[in-house]
Each structure stands twice: as C-alpha cells, then as structure tokens.
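Accompanying notes for the structure given below.
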Amino acid sequence: MQISLAKLNLIKRYAAEAYPEECCGILVGTVSRFLNGEKENVVIEVVPCENVLQGDRTEGFEISVGQYFQTEELARRHHYQLVGSYHSHTKAPAIPSATDCDFLPPETSMLIVSVSERFVKEVRVYSRTLRSRLYHDVYEERLQFRY
C-alpha cells in the first residue's frame, strides 16, 4: 500500500485523539496493477468515520452503513474507489483480530494503528487474496510512502 506521510500522520493523530476508544475510517484512492498481476492500493484521501459500535469502543469499532455508502459515492464522483479502511487497537498490537480478518474484503488494505496512552506504538497494513475468505490467508502488506 502507498500513502503519503501526511495522510499517515493524520491517521495516527485520529488514533491518539480517539484513545481510549478505537478510531476508524476509510481509505480512498486507486489501485495500481502490475504486469505480473499483483496490485497495490494507493491512498489519496483518508476519511475519518464515527465509531458507532454499540458495545465497548475500547475493544472494537463499526462504521455506519450510511457513512460507508456516502464515502463510496463521493469517491466514485471523483474517479476514485474505496481501497481499504483503518482503525486503531488500544489494547493490542497492530495485528488483525479474528473479527478484523472476518470483515476484511479481498484485495483491500486494512491499516491498523496500535495506541497506548495516546502514543502510537506501531502501524501495520494487511490484505487478503481475492480467492480466499479464510483467516489464515490474510497477509501483511508492504507500507510505502508517496509524496
């Protein structure tokens, strides 16, 4: 996944500000496809979303369907697409939980920020192959910075 340092810093700031609750948002951009068939998500915009989880927001998040579709429509109007999502973990490292993996659509990026006491500890990105919805087929993506 490619993202500018400025956009990544925004996500880190949102994560620190939301602490002790998890933050969440949508990654908007484009998909680059290479000759070997591989793809890479390129983040152009970061859209923070309200965590509407009805349970303990320190251990989970939920993006409203309305906000998701509104962001998708706006992205389409600007010739972009939803390339992934981001959220923070406040009680765990930046490794996807089983729930995170269950809801990760194939070929999208999931950026996770681990936060403790409002300090960002680590940032990691994950994806899943197009052919699988199995938990063990989630893999860590390479995080690259663009200018």
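As shown in the structure tokens, the chain order sets the letters A, B, ...; within each chain, residues go from 1, and ligands are also counted from 1 in the order they appear.
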ask   = Quick one: DSSP strand (DSSP E or B) residues in stretch 10-147 of chain A, as a ChimeraX atom specification?
value = /A:24-33,39-49,81-89,109-116,119-128,138-140,144-146
Which residues of stretch 9-55 of chain A come within 6 Å of stretch 67-89 of chain A, and what is each one's closest atom pair and distance in Å (one decimal), counting only C-alpha atoms, sorted by chain and residue number, as a tab-separated table?
```
residue	atom	partner	partner_atom	distance
A:Ala15	CA	A:Ser88	CA	5.8
A:Glu22	CA	A:Ser88	CA	5.0
A:Cys23	CA	A:His87	CA	5.2
A:Cys24	CA	A:His87	CA	4.1
A:Gly25	CA	A:Tyr86	CA	5.3
A:Ile26	CA	A:Ser85	CA	4.2
A:Leu27	CA	A:Gly84	CA	4.9
A:Val28	CA	A:Leu82	CA	4.6
A:Gly29	CA	A:Tyr80	CA	5.2
A:Thr30	CA	A:Tyr80	CA	5.7
A:Asn41	CA	A:Val83	CA	6.0
```
Atoms to include: C-alpha atoms. Write the selected residues as a PDB file, in the first residue's frame.
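Everything below was put into result.pdb:
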```pdb
ATOM      1  CA  ALA A  15      -5.959   7.275  16.695  1.00  0.00           C
ATOM      2  CA  GLU A  22     -10.754   2.775  18.771  1.00  0.00           C
ATOM      3  CA  CYS A  23     -10.841   5.147  15.817  1.00  0.00           C
ATOM      4  CA  CYS A  24     -11.894   4.082  12.339  1.00  0.00           C
ATOM      5  CA  GLY A  25     -12.051   5.405   8.825  1.00  0.00           C
ATOM      6  CA  ILE A  26     -11.997   4.692   5.115  1.00  0.00           C
ATOM      7  CA  LEU A  27      -9.070   4.832   2.677  1.00  0.00           C
ATOM      8  CA  VAL A  28      -9.921   6.289  -0.739  1.00  0.00           C
ATOM      9  CA  GLY A  29      -7.682   6.085  -3.778  1.00  0.00           C
ATOM     10  CA  THR A  30      -6.712   3.992  -6.766  1.00  0.00           C
ATOM     11  CA  ASN A  41      -3.607   0.173  -3.259  1.00  0.00           C
TER      12      ASN A  41
END
```
inquiry  = Quick one: residues within 9 Å of A:Leu104, only C-alpha atoms, excluding same-chain residues fewer than 2 positions away - as number ranges by chain?
reply    = A: 84-85, 99-102, 106-110, 126-128, 133, 138
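With only C-alpha atoms as the basis for measurement, A:Lys7 is the residue among A:Thr129, A:Val113, A:Thr90, A:Lys7 that approaches A:Tyr147 most closely.
Counting from atom CA of A:Ala94, the distance to atom CA of A:Glu59 is 12.9 Å.
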inquiry  = Which residues are near A:Val31? Cut-off 7 Å, only C-alpha atoms, ignore same chain within fewer than 5 positions. Put them as a PyMOL selection string.
reply    = chain A and resi 39-42
query = Quick one: DSSP helix (DSSP H, G or I) residues in chain A, as number ranges by chain?
reply = A: 5-18, 65-77, 98-102, 135-137
Okay, now the selection with N, CA and C atoms, as a compact mmCIF listing (two decimals), in the first residue's frame?
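Wrote it out as out.txt, contents follow:
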```
# COMPACT_ATOMS: atom_id res chain seq x y z
N LEU A 5 3.11 10.47 3.81
CA LEU A 5 3.43 10.59 5.23
C LEU A 5 2.43 11.52 5.91
N ALA A 6 1.98 12.56 5.21
CA ALA A 6 1.00 13.48 5.79
C ALA A 6 -0.32 12.77 6.10
N LYS A 7 -0.79 11.91 5.18
CA LYS A 7 -2.04 11.17 5.42
C LYS A 7 -1.86 10.15 6.55
N LEU A 8 -0.72 9.49 6.58
CA LEU A 8 -0.46 8.55 7.67
C LEU A 8 -0.42 9.27 9.01
N ASN A 9 0.19 10.44 9.04
CA ASN A 9 0.23 11.21 10.29
C ASN A 9 -1.16 11.64 10.74
N LEU A 10 -2.06 11.92 9.79
CA LEU A 10 -3.45 12.23 10.14
C LEU A 10 -4.10 11.04 10.84
N ILE A 11 -3.91 9.86 10.27
CA ILE A 11 -4.49 8.65 10.88
C ILE A 11 -3.93 8.45 12.28
N LYS A 12 -2.63 8.63 12.44
CA LYS A 12 -2.01 8.49 13.77
C LYS A 12 -2.60 9.50 14.76
N ARG A 13 -2.82 10.71 14.28
CA ARG A 13 -3.41 11.74 15.15
C ARG A 13 -4.83 11.36 15.55
N TYR A 14 -5.63 10.88 14.58
CA TYR A 14 -7.00 10.46 14.89
C TYR A 14 -6.99 9.33 15.91
N ALA A 15 -6.05 8.40 15.77
CA ALA A 15 -5.96 7.28 16.70
C ALA A 15 -5.62 7.75 18.10
N ALA A 16 -4.66 8.67 18.21
CA ALA A 16 -4.27 9.19 19.52
C ALA A 16 -5.40 9.99 20.16
N GLU A 17 -6.12 10.78 19.35
CA GLU A 17 -7.21 11.60 19.88
C GLU A 17 -8.39 10.75 20.33
N ALA A 18 -8.65 9.64 19.66
CA ALA A 18 -9.79 8.79 20.00
C ALA A 18 -9.54 7.94 21.24
N VAL A 65 -23.27 2.06 7.92
CA VAL A 65 -23.51 1.75 6.51
C VAL A 65 -23.72 3.03 5.72
N GLY A 66 -24.45 3.98 6.31
CA GLY A 66 -24.71 5.25 5.63
C GLY A 66 -23.43 6.01 5.32
N GLN A 67 -22.53 6.08 6.29
CA GLN A 67 -21.27 6.80 6.08
C GLN A 67 -20.41 6.06 5.05
N TYR A 68 -20.44 4.74 5.08
CA TYR A 68 -19.68 3.94 4.12
C TYR A 68 -20.16 4.23 2.69
N PHE A 69 -21.48 4.14 2.46
CA PHE A 69 -22.01 4.36 1.12
C PHE A 69 -21.86 5.81 0.66
N GLN A 70 -21.96 6.75 1.59
CA GLN A 70 -21.76 8.16 1.26
C GLN A 70 -20.32 8.39 0.78
N THR A 71 -19.36 7.79 1.47
CA THR A 71 -17.95 7.91 1.09
C THR A 71 -17.71 7.22 -0.25
N GLU A 72 -18.32 6.07 -0.45
CA GLU A 72 -18.16 5.35 -1.71
C GLU A 72 -18.69 6.18 -2.89
N GLU A 73 -19.83 6.80 -2.71
CA GLU A 73 -20.42 7.63 -3.77
C GLU A 73 -19.54 8.85 -4.07
N LEU A 74 -19.06 9.51 -3.04
CA LEU A 74 -18.18 10.67 -3.21
C LEU A 74 -16.89 10.27 -3.93
N ALA A 75 -16.33 9.14 -3.55
CA ALA A 75 -15.11 8.64 -4.21
C ALA A 75 -15.38 8.40 -5.69
N ARG A 76 -16.47 7.74 -5.99
CA ARG A 76 -16.82 7.44 -7.39
C ARG A 76 -16.96 8.72 -8.22
N ARG A 77 -17.59 9.74 -7.65
CA ARG A 77 -17.76 11.01 -8.36
C ARG A 77 -16.42 11.66 -8.71
N ALA A 98 -9.37 -11.86 14.87
CA ALA A 98 -10.21 -12.75 14.05
C ALA A 98 -11.37 -11.97 13.45
N THR A 99 -11.95 -11.07 14.22
CA THR A 99 -13.05 -10.24 13.72
C THR A 99 -12.57 -9.34 12.59
N ASP A 100 -11.41 -8.71 12.75
CA ASP A 100 -10.84 -7.88 11.69
C ASP A 100 -10.72 -8.69 10.41
N CYS A 101 -10.19 -9.89 10.52
CA CYS A 101 -9.98 -10.75 9.36
C CYS A 101 -11.29 -11.16 8.71
N ASP A 102 -12.29 -11.43 9.54
CA ASP A 102 -13.60 -11.84 9.01
C ASP A 102 -14.23 -10.76 8.14
N TYR A 135 -9.22 -16.93 7.34
CA TYR A 135 -8.43 -16.12 8.28
C TYR A 135 -6.94 -16.22 7.99
N HIS A 136 -6.44 -17.43 7.72
CA HIS A 136 -5.00 -17.60 7.56
C HIS A 136 -4.48 -17.05 6.23
N ASP A 137 -5.36 -16.63 5.34
CA ASP A 137 -4.92 -16.06 4.06
C ASP A 137 -4.73 -14.55 4.12
```
key: Counting only C-alpha atoms, the residue of A:Glu62, A:Glu122, A:Glu141, A:Glu38 that sits nearest A:Glu50   = A:Glu62
